[in-house]
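Accompanying notes for the structure given below.
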Amino acid sequence: MLNQLTISELAAKFAKREVSAREATQACLDQIACVDGKIHAFLSFNAAAALAQADAVDQLISQGGSGANRPLLGIPIAIKDVLAVKNQPLNCASKILGNYISPYDATAIEKLKAAGAIVFGRLNMDEFAMGSSTENSAFGLTCNPWDITRIPGGSSGGSAAAVAADECIASLGTDTGGSIRQPAALCGCVGLKPTYGRISRYGLVAFASSLDQIGPFTKDVRDSATLLGVMSGVDRRDSTSVPEPVPNYVAALDGNIRGLKLGLPKEYMVGGLDPEIKASVDAAVKQYEKLGAEIVEISLPHTDYAVAVYYIIATAEASANLARFDGIRYGARVEGNDPIELYSKTRGAGFGAEVKRRIILGTYVLSSGYYDAYYLRAQKVRTLIRNDFLKAFETVDAIVTPTTPTAAFKAGEKSGDPLQMYLSDIFTISCNLAGICGVSLPCGFTQNPKLPIGLQLLGKPFGEETMLKLAHAYEQSTAWHKEKPSLKF
Amino acid sequence: MEYEAVIGLETHVQLNTKSKMWCGCANQYGSEPNTNVCPVCLGLPGVLPVPNDEALRKTVLTGYLLNCEIPRFAKFDRKSYFYPDMPKNYQLTQYDKPSTANGFVEFEFTGAGSVNGLARVRITRAHLEEDVGKSTHFDRHSGLDFNRAGVPLMEIVSEPDITSADMAYAYLNALTEILHQGGVSDCDMEKGMVRCDVNISVRPIGTKELGAKIEIKNMNSFSGVRRAAEYEIARQIEVVKRGEKLIQSTRRWDDVAGITEQMRTKEDAHDYRYFPDPDLMPLAPTDAWLAEVKTKAIELPLARKQRFMRDYQLPAGDAEVFKSNVALGNYFEGLARQSKNPKAVANWIINNLLAKLAELNAREKSEQEALGLEAADLKLSSFADLKFKPEALLELVNLVEAKTISSSAAQQVFAEMFDSGKAPAVIVQEKGLAQVSDTGAIEKFCDDAIAANPAPVADYKAGKAAALNSLKGQVMKLSKGKANPALVGEILERKLKG
Amino acid sequence: MASAEINVKYVAHLARLALTPEEETKLAAQLGNILGYIEKLRELDVTGVEPTAHAVPMVNCTRADEVRESLSHEEALRNAPRQANGLFIVPKIVE
Ligand SMILES: [Mg+2]
Ligand SMILES: [Zn+2]
């Protein structure tokens, strides 16, 4: 089935004219029709528009147009509802945006389109990317394709579920504290969070500006490398994007990792870690040794403070970032007698519980008298966390850890206790605070029920090449990434 | 007990960049509402600000013009408060690390607090931020236009060194003259390019402690600032004299009623929750960049005036004209450097050239209006359009000085050279304006004048010395202005006394 | 861990969020719990540590002063909840 293919497999078929873009797109639409009633990865999609894009690609190909420099020609890619696509709805899975239609494309979307991708569909997520289970969407739950009683992770739960259920070839998500890697791990796909500044954030509705990055969800590491290459680079519209050259990430995937040093942080293999996950990660580490990598035990001593630092910095930034949703220029307004009443009613009605919680927390830690004790202190501890990683990278090429402490949990299991939910991001959060890159890839399954387990690799700032090379070598020496959920509901 | 006022000003000035502070929308006044707007300045979901380097340059240039230090590290912060004219509901501004700090403005002032006709107000900082949109108020609603939102805005904060309404007025005029001439802002008050907040407190003379600070918000005319400050100082002194306490608060100036009124007290003051904007990287100006900006710094208006008075022996009035009109001053200086009589050059420029240009401007303006065009104010920006060469003015001064032509003939020569561009010597020759110093011819004119004007002759003889002027005039008329006036005087006197 | 106090009503007003009394009570408890957890940062000595505001150290990231195309008037007002005469309309602003 075409919708099950990877980007590289599909591109090869297009090149040989074995299939058309319309057929590939139709296969994805058919799969959505077949499974999304249960999975609910998509908030909306426009089938006619997607097919029209596909027809345009087919016409181009039939007229002899080549896919040269267009590595995504005809590839259907679905988008997390937090990225702006021109003339498509943009809701961030929140009620507050109402019938908002974006008048512009995010830079990453512009680049996907330029590379020939068929950009379609809006994927479910935690409202404003705040959450780890996609239970915070204002538009209903997304289910884990491996077990629909369980959450797909979050906040990019729709992006992970859609790829895992083969409803698209690849998808985009965003990662502020693990929101790509954690759902990728729980759904059994590859999720990449690039180095901060690698991909322009222009058009990404900010949750926490100093932590957010866009990244791909794919069915294998090669596809991640392809999408990263397409989307990377400095952007004149994002002054935090870094003018670092963009290497050929795909070319780096040569399988040769002999002599590379992999750090194993002792702080990550303790407490709260599910034994099945520990066993899978241990086995993966052994596999790396077999492949010729050298394993070095390292220490990231400030790991234990990461969640606390994160919830101060991320909520502080969010409290200001979300101030613009006020019902004045766009969005679902609740009228009031004066602007203050209008704001309060609009925001009170438009935001969900988790978003309110974080806005209040973020407002509080910045308010007069508390700034130094919370925000400034958190920024300083952030320095210590970043320094831990920079020091570790003086001796190792990448770091290997579990992505999550447990496999996918049941819907509703943690939604009553926000702190427990926050702590489930414990392995992914430091990466964003340090601004480095990370990737999660399948490394096994729990037994009963059968749920995916993710292996996390963390790379140096702008060290995606080496990190992906390591991920690819492991992936190709195992068959985990080839397993599919049964999707028999 | 006598009281004194303590005044500090926060002046907001729009920078005259081509584009806005964070986006490529035009920084332009007077467009249709919501036409110079884009996702960035409307604060749509997903957008990011990118700083305009020219706005940064102009801010640092302002720092140089206001004698400030330029810190090697500056940053932008978010200042959070909800207001419908502010798209993001936070303003990007420089909070604790501004681009400039610790300067001063010196200006001419003769009231209390001045020394030798000068006063100095220290500048705390000039920092960069963004303007907000414009609201129009209707019966029950307000309408918002975001064309102005995101225009680069500089906030210039003074120390509380101002002690009177007049001094505040003089300071504001001096400040905006510097900014305007320095090329950082057009400072057009009518277009709202300059707005200020006035902080006023009073205290018994001789005490150091500051009284409760009362802020008058959003003043958009300097005369308004002067009137508001006068009113507010008197009001505060009265309150204190009654034995009542003033509390820190914000007031609004009602220009029609001529009073200030309460807006809000400190109790509901804002909690702005400043924090460094994560979307904007810090600023660390390099030596090369600073040196480049510094080359753009002009000579300050006051220094220029003082130099003109010193170097060209100009009276203060003339130097003031050249201080406030830079192009005219440059024109003058170009000639004054080559002249032995700069004062005469200044006279020609100020008395004759300016008048002619004003006449020309008025004519062109009325022509434009007749054509139904919106009459633009013509400003003296370039003297390249003048028909005569600058050197012609020097030549004219020399002709008068050498007594080749009389001063009244010189007026004719000037008018002609302004209209035709001909060289003065050519005009003198063509019109036969060379001064007559031939005593015989002048004697004849004098005799004729005496014969034809018995009344003034009688007056003069009766002791009215002034009557001689009338006869002199007659002689000049008869000579068509060419007679040497000094000679005419001498000869008339001799004839009448004799 | 000590449970910190948070004046939810005041903070919600700063953030312009209308909350029901139930939401206020619930948030106060949950946030107290979270702040209690955050207290652990006090264990660390951060004297002399520079704060990190950006994940990547860069300075002077600016753009040239060039005018670029704005949105069309229609696009600018396309998502406006209420508009008239080319303006975004809100209830009267009073100071
Ligand atoms: Mg300000
Ligand atoms: Zn704009």
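By order of appearance in the structure tokens: chains A, B, ..., then residues from 1 within every chain, and ligands from 1 in the order shown.
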Spatial neighbours of region 74-87 of chain A, max dist 6 Å, only C-alpha atoms, sep filter under 4 positions, as a count of residues only: 27
Contact residues (chain B, partner chain C, 7 Å, only C-alpha atoms) as a PyMOL selection string: chain B and resi 17-19+24-26+33-38+50-54+137+140-145+263+276+278+281-284
Quick one: residues within 8 Å of His127 (chain B), only C-alpha atoms counted, chain neighbours fewer than 4 positions away excluded, as a ChimeraX atom specification? /B:59,93-94,98-100,154-156
Please produce an output containing N, CA, C and O atoms for each residue in the selection, written as a PDB file, in the first residue's frame.
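So part.pdb came out as:
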```
ATOM      1  N   THR B  59      19.366  55.268  16.944  1.00  0.00           N
ATOM      2  CA  THR B  59      19.307  55.372  18.408  1.00  0.00           C
ATOM      3  C   THR B  59      20.697  55.653  18.974  1.00  0.00           C
ATOM      4  O   THR B  59      20.870  56.532  19.817  1.00  0.00           O
ATOM      5  N   THR B  93      10.737  46.688  24.280  1.00  0.00           N
ATOM      6  CA  THR B  93      11.410  47.912  24.707  1.00  0.00           C
ATOM      7  C   THR B  93      12.718  47.536  25.378  1.00  0.00           C
ATOM      8  O   THR B  93      12.957  46.362  25.660  1.00  0.00           O
ATOM      9  N   GLN B  94      13.577  48.523  25.588  1.00  0.00           N
ATOM     10  CA  GLN B  94      14.837  48.234  26.268  1.00  0.00           C
ATOM     11  C   GLN B  94      14.680  48.634  27.720  1.00  0.00           C
ATOM     12  O   GLN B  94      14.570  49.811  28.028  1.00  0.00           O
ATOM     13  N   PRO B  98      19.646  49.518  28.071  1.00  0.00           N
ATOM     14  CA  PRO B  98      19.334  50.354  26.906  1.00  0.00           C
ATOM     15  C   PRO B  98      20.556  50.568  26.011  1.00  0.00           C
ATOM     16  O   PRO B  98      21.686  50.338  26.443  1.00  0.00           O
ATOM     17  N   SER B  99      20.306  51.039  24.804  1.00  0.00           N
ATOM     18  CA  SER B  99      21.396  51.264  23.852  1.00  0.00           C
ATOM     19  C   SER B  99      22.242  52.494  24.180  1.00  0.00           C
ATOM     20  O   SER B  99      23.360  52.614  23.691  1.00  0.00           O
ATOM     21  N   THR B 100      21.696  53.428  24.969  1.00  0.00           N
ATOM     22  CA  THR B 100      22.475  54.618  25.338  1.00  0.00           C
ATOM     23  C   THR B 100      22.139  54.981  26.774  1.00  0.00           C
ATOM     24  O   THR B 100      21.055  54.663  27.256  1.00  0.00           O
ATOM     25  N   MET B 154      11.748  56.090  19.880  1.00  0.00           N
ATOM     26  CA  MET B 154      12.824  56.250  20.834  1.00  0.00           C
ATOM     27  C   MET B 154      12.265  56.951  22.058  1.00  0.00           C
ATOM     28  O   MET B 154      11.521  57.914  21.925  1.00  0.00           O
ATOM     29  N   GLU B 155      12.587  56.428  23.210  1.00  0.00           N
ATOM     30  CA  GLU B 155      12.151  57.099  24.432  1.00  0.00           C
ATOM     31  C   GLU B 155      13.360  57.752  25.075  1.00  0.00           C
ATOM     32  O   GLU B 155      14.338  57.081  25.392  1.00  0.00           O
ATOM     33  N   ILE B 156      13.271  59.086  25.246  1.00  0.00           N
ATOM     34  CA  ILE B 156      14.387  59.827  25.834  1.00  0.00           C
ATOM     35  C   ILE B 156      13.966  60.270  27.223  1.00  0.00           C
ATOM     36  O   ILE B 156      13.028  61.043  27.386  1.00  0.00           O
TER      37      ILE B 156
END
```
Which parts of region 388-472 of chain A does DSSP call helix (DSSP H, G or I) when run on the backbone here, written out as a PyMOL selection string? chain A and resi 388-392+418-423+429-434+464-472
Quick one: which chain A residues come within 9 Å of chain B, and what is the nearest atom pair for each with the distance in Å to one decimal, counting only C-alpha atoms, rows ordered by chain and ascending number, as CSV?
```
residue,atom,partner,partner_atom,distance
A:Val82,CA,B:Gly46,CA,8.2
A:Leu83,CA,B:Gly46,CA,7.3
A:Ala84,CA,B:Gly46,CA,6.9
A:Leu90,CA,B:Pro45,CA,8.6
A:Ser102,CA,B:Pro45,CA,8.3
A:Pro103,CA,B:Pro39,CA,7.8
A:Tyr104,CA,B:Pro39,CA,7.8
A:Ala106,CA,B:Gly46,CA,7.7
A:Arg201,CA,B:Gly46,CA,7.8
A:Tyr202,CA,B:Val47,CA,5.5
A:Gly203,CA,B:Gly46,CA,4.1
A:Leu204,CA,B:Gly46,CA,4.6
A:Val205,CA,B:Gly46,CA,3.8
A:Ala206,CA,B:Gly46,CA,6.1
A:Ala208,CA,B:Pro278,CA,8.5
A:Ser209,CA,B:Pro278,CA,5.7
A:Ser210,CA,B:Pro278,CA,5.4
A:Arg236,CA,B:Val50,CA,7.7
A:Arg237,CA,B:Val50,CA,6.4
A:Asp238,CA,B:Leu48,CA,6.1
A:Ser239,CA,B:Val50,CA,5.6
A:Thr240,CA,B:Asp279,CA,6.4
A:Ala316,CA,B:Phe275,CA,8.7
A:Glu317,CA,B:Pro278,CA,7.8
A:Ala320,CA,B:Ser80,CA,6.9
A:Asn321,CA,B:Lys88,CA,7.7
A:Leu322,CA,B:Lys88,CA,8.5
A:Ala323,CA,B:Asn89,CA,5.6
A:Arg324,CA,B:Lys88,CA,4.5
A:Phe325,CA,B:Lys88,CA,8.3
A:Asp326,CA,B:Asn89,CA,8.5
A:Ile328,CA,B:Pro84,CA,6.8
A:Arg329,CA,B:Leu42,CA,7.7
A:Tyr330,CA,B:Leu44,CA,8.1
A:Asp338,CA,B:His141,CA,8.9
A:Pro339,CA,B:Pro84,CA,7.1
A:Ile340,CA,B:Phe82,CA,8.0
A:Tyr343,CA,B:Phe82,CA,8.4
A:Thr363,CA,B:Arg273,CA,7.5
A:Tyr364,CA,B:Arg273,CA,8.9
A:Val365,CA,B:Arg273,CA,8.8
A:Leu366,CA,B:Arg273,CA,5.1
A:Ser367,CA,B:Arg273,CA,5.1
A:Ser368,CA,B:Asp271,CA,6.2
A:Tyr371,CA,B:Arg273,CA,8.0
A:Tyr375,CA,B:Phe275,CA,8.7
```
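Going from CA of Thr176 (chain B) over to atom 1 (Zn, counted along the ligand's line) of ligand 2, you cover 26.9 Å.
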Shell of 12 Å around Glu43 (chain C), only C-alpha atoms, local chain residues under 6 positions omitted, as a VMD selection string: (chain A and resid 302 304 to 305 308 377 381) or (chain C and resid 1 37)
Take the residues from that selection and write them out as a PDB file, in the first residue's frame, keeping N, CA, C and O atoms.
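Saved file again.pdb follows:
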```pdb
ATOM      1  N   HIS A 302      22.930  18.146  36.651  1.00  0.00           N
ATOM      2  CA  HIS A 302      21.774  18.997  36.954  1.00  0.00           C
ATOM      3  C   HIS A 302      20.459  18.494  36.358  1.00  0.00           C
ATOM      4  O   HIS A 302      19.467  19.211  36.333  1.00  0.00           O
ATOM      5  N   ASP A 304      18.233  16.575  37.416  1.00  0.00           N
ATOM      6  CA  ASP A 304      17.089  16.542  38.317  1.00  0.00           C
ATOM      7  C   ASP A 304      16.359  17.886  38.419  1.00  0.00           C
ATOM      8  O   ASP A 304      15.225  17.949  38.876  1.00  0.00           O
ATOM      9  N   TYR A 305      17.015  18.964  37.976  1.00  0.00           N
ATOM     10  CA  TYR A 305      16.394  20.287  38.075  1.00  0.00           C
ATOM     11  C   TYR A 305      15.695  20.715  36.782  1.00  0.00           C
ATOM     12  O   TYR A 305      15.072  21.759  36.718  1.00  0.00           O
ATOM     13  N   ALA A 308      11.817  21.481  36.716  1.00  0.00           N
ATOM     14  CA  ALA A 308      11.478  22.707  37.442  1.00  0.00           C
ATOM     15  C   ALA A 308      11.867  23.939  36.620  1.00  0.00           C
ATOM     16  O   ALA A 308      11.095  24.885  36.484  1.00  0.00           O
ATOM     17  N   ARG A 377      16.459  32.845  38.554  1.00  0.00           N
ATOM     18  CA  ARG A 377      17.124  31.646  39.085  1.00  0.00           C
ATOM     19  C   ARG A 377      17.027  30.501  38.065  1.00  0.00           C
ATOM     20  O   ARG A 377      18.009  29.793  37.812  1.00  0.00           O
ATOM     21  N   VAL A 381      20.028  28.318  36.357  1.00  0.00           N
ATOM     22  CA  VAL A 381      20.147  26.851  36.390  1.00  0.00           C
ATOM     23  C   VAL A 381      20.148  26.318  34.951  1.00  0.00           C
ATOM     24  O   VAL A 381      20.812  25.329  34.644  1.00  0.00           O
TER      25      VAL A 381
ATOM     26  N   MET C   1       7.875  19.041  50.787  1.00  0.00           N
ATOM     27  CA  MET C   1       8.093  20.316  50.081  1.00  0.00           C
ATOM     28  C   MET C   1       7.053  21.352  50.500  1.00  0.00           C
ATOM     29  O   MET C   1       5.865  21.048  50.612  1.00  0.00           O
ATOM     30  N   TYR C  37       7.146  21.942  44.083  1.00  0.00           N
ATOM     31  CA  TYR C  37       8.157  21.147  43.379  1.00  0.00           C
ATOM     32  C   TYR C  37       9.292  22.040  42.886  1.00  0.00           C
ATOM     33  O   TYR C  37      10.485  21.703  42.992  1.00  0.00           O
TER      34      TYR C  37
END
```
Taking into account only C-alpha atoms, which residue in the set C:Tyr10, C:Ala29, C:Leu35, C:Thr52 is nearest to chain A?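 Selected residue with least distance to chain A: C:Thr52.
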Length of the CA of Gly182 (chain B) to CA of His12 (chain B) vector [Å]: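 Computed distance, CA of Gly182 (chain B) to CA of His12 (chain B), equals 16.0 Å.
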So how many Å separate CA of Leu179 (chain B) and CA of Arg122 (chain B), to one decimal?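 Interatomic distance here is 15.9 Å.
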My list of candidates is C:Gly36, C:Leu17, C:Arg78, C:Lys26. Which is closest to chain A when distances are computed with only C-alpha atoms? C:Leu17
Between A:Lys460, A:Lys261, A:Lys38, A:Lys410, which has the minimum distance to chain C (counting only C-alpha atoms)?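 Closest residue, counting only C-alpha atoms: A:Lys460.
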